[in-house]
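Below is one structure, written out as structure tokens; comments come after it.
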Amino acid sequence: MSKRPLSAALSAAVVLAGLALPALGNEKLVLYTSQPNSDAQQTVDAFQATYPEIEVEWVRDGTTQLMTRLRSELSAGVSNPDVLLIADSMTLESLKQEGHLQPYLSPEREAYAAELYEPEGYYYGTKLITTGIVYNTGAERQPQSWRELTQPEYEGQVTMPSPLYSGAALIHMATLEANPELGEEYYAALQANRVEAQGGNGGVFNAVASGTKPYGIVVDFLPIREAAKGSPVAFVFPEEGVSAVTEPVAIMQGARNVEAAQKFVDFVLSREGQELVSEQGYLPAHPEVAPPAGFPARDDIALMPLDVESALTREAELKQRFGDLFGS
């Protein structure tokens, strides 16, 4: 970023683009995040309240768009961010394998289950955004399992996000296909039952909430949050278990301010950072931080395992098979 003064018009444009400008003379941390704008601002504000000497410049976009920007910068020999806080572990695993991340063994990691962070400290899960089943409360049935959605009585009544557009949907597909109770034939069974695939989770939720489709496959926080506001939906954690994206945090190999980046990692993993996650309406990754209203107790949620490295090697295969089944 240029150090010459910015005009008022340019300053306004930068703020609208989701950038918080640092004050001169302070430490600066550059964050790239796929969090919603309000969540990103709350996270930055809470971090700066703890570390007022560190100013944060943050860029927010969807994971796909953010990664396109980051890879373009890296290919040009530029590494702008110090730290990443983005949707899924597969994306960060690919960056790790390409040598773009650096390890950091945060002291906060000891509170976490081993499967929630990369063993050498290249990235750490900060929340659990699970994918389960949503149904309209006016629907005839209340499905309780993934297998149930392939039964004849649900034919043509279910919608789901596409792994071609949603990282959470891609991880969901990889997780379910690795589950021996479901396997690779599960998505073929969904297709045979005329499940409708569309772009993202927001469209799925809107279809179920409006009654266009009585049932859907969707991330947890949308129906749980909106049900509390009166939306006619209910969310189910299926009996086989749920998949999850963990919104991991990681430090870039080319970070200019490594010490500030490490403080940011520690903060989002700390109890204070995890309590903010719960306040924002998400399931915290920290096992001792209570989930938000509307969620069951952590011990009542069965997480299906995912081998991230294996899923990454199968990414193209998974997308190809989904496209063959449901179209692009």
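Chain labels follow the order of the structure tokens: the first chain is A, the next B, and so on; residue numbering restarts at 1 in every chain, and ligands are counted from 1 in their shown order.
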Can you pull out the residues contacting Ser94 of chain A? Cut-off 10 Å, using only C-alpha atoms, and skip same-chain residues under 6 positions away; I want them as a PyMOL selection string. chain A and resi 100-101+308-309+312-313
Just the selected residues (all heavy atoms), exported as a compact mmCIF listing (two decimals), in the first residue's frame, please.
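What follows is the written file selection23.txt:
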```txt
# COMPACT_ATOMS: atom_id res chain seq x y z
N HIS A 100 3.77 -22.10 1.07
CA HIS A 100 3.38 -20.71 1.30
C HIS A 100 3.04 -20.40 2.76
O HIS A 100 2.76 -19.25 3.10
CB HIS A 100 2.18 -20.34 0.42
CG HIS A 100 2.48 -20.38 -1.04
ND1 HIS A 100 3.58 -19.75 -1.59
CD2 HIS A 100 1.83 -20.99 -2.06
CE1 HIS A 100 3.58 -19.97 -2.90
NE2 HIS A 100 2.54 -20.72 -3.20
N LEU A 101 3.04 -21.42 3.63
CA LEU A 101 2.73 -21.20 5.05
C LEU A 101 3.95 -21.53 5.90
O LEU A 101 4.82 -22.29 5.50
CB LEU A 101 1.56 -22.08 5.49
CG LEU A 101 0.24 -21.95 4.73
CD1 LEU A 101 -0.81 -22.88 5.32
CD2 LEU A 101 -0.26 -20.50 4.72
N VAL A 308 -7.62 -34.68 5.47
CA VAL A 308 -7.54 -33.50 4.61
C VAL A 308 -6.59 -33.72 3.44
O VAL A 308 -6.89 -33.34 2.30
CB VAL A 308 -7.10 -32.26 5.44
CG1 VAL A 308 -6.95 -31.05 4.54
CG2 VAL A 308 -8.12 -31.98 6.54
N GLU A 309 -5.44 -34.33 3.70
CA GLU A 309 -4.48 -34.55 2.62
C GLU A 309 -5.07 -35.46 1.54
O GLU A 309 -4.91 -35.21 0.35
CB GLU A 309 -3.19 -35.15 3.18
CG GLU A 309 -2.39 -34.18 4.05
CD GLU A 309 -1.05 -34.76 4.45
OE1 GLU A 309 -0.51 -35.60 3.70
OE2 GLU A 309 -0.55 -34.39 5.53
N LEU A 312 -7.67 -33.58 -0.45
CA LEU A 312 -7.06 -32.63 -1.38
C LEU A 312 -6.60 -33.33 -2.65
O LEU A 312 -6.77 -32.81 -3.75
CB LEU A 312 -5.90 -31.91 -0.70
CG LEU A 312 -5.20 -30.83 -1.53
CD1 LEU A 312 -6.16 -29.72 -1.90
CD2 LEU A 312 -4.01 -30.26 -0.76
N THR A 313 -6.02 -34.51 -2.51
CA THR A 313 -5.56 -35.22 -3.71
C THR A 313 -6.74 -35.66 -4.58
O THR A 313 -6.57 -35.88 -5.78
CB THR A 313 -4.73 -36.47 -3.33
OG1 THR A 313 -5.55 -37.40 -2.60
CG2 THR A 313 -3.54 -36.08 -2.47
```
Could you name the residues that touch segment 216-218 of chain A at 9 Å or less, counting only C-alpha atoms, but leaving out those on the same chain fewer than 6 positions away, as a ChimeraX atom specification? /A:130-136,157-161,169,200-202,204-205,207-208,235
Please determine, counting only C-alpha atoms, which residue among A:Leu325, A:Asp266, A:Arg298, A:Gly199 has the shortest atom-to-atom distance to Pro107 of chain A.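 Distance minimum relative to Pro107 of chain A lands on A:Asp266.
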Mind giving me the straight-line distance from atom CA of Asp324 of chain A to atom CA of His172 of chain A in Å, one decimal? 17.5 Å
Mind giving me the straight-line distance from atom CA of Ile301 of chain A to atom CA of Gly241 of chain A in Å, one decimal?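 Distance reported for this atom pair: 7.1 Å.
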Kindly give the distance, in Å, that separates atom CA of Lys213 of chain A and atom CA of Pro163 of chain A, rounded to a single decimal.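 Here the two named atoms are 19.3 Å from each other.
For the choices A:Asn257, A:Gln42, A:Gln320, A:Gln262, the atom-to-atom distance to Glu27 of chain A is smallest for A:Asn257 when using only C-alpha atoms.
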DSSP-assigned helix (DSSP H, G or I) members of segment 100-153 of chain A, reported as number ranges by chain: A: 107-111, 114-116, 147-150, 152-153
Grab the residues selected above and save them as a tab-separated table (two decimals), in the first residue's frame with C-alpha atoms.
```tsv
chain	number	residue	atom	x	y	z
A	107	PRO	CA	0.61	-22.60	23.25
A	108	GLU	CA	-3.18	-22.41	22.94
A	109	ARG	CA	-3.25	-25.61	20.86
A	110	GLU	CA	-3.08	-27.82	23.94
A	111	ALA	CA	-6.76	-27.19	24.68
A	114	ALA	CA	-5.58	-33.07	17.66
A	115	GLU	CA	-7.76	-33.38	14.56
A	116	LEU	CA	-8.56	-29.65	14.70
A	147	ARG	CA	-29.52	-42.15	4.22
A	148	GLU	CA	-33.14	-41.11	4.74
A	149	LEU	CA	-32.79	-38.43	2.03
A	150	THR	CA	-32.31	-41.16	-0.60
A	152	PRO	CA	-38.56	-42.61	-2.29
A	153	GLU	CA	-40.71	-40.33	-0.10
```
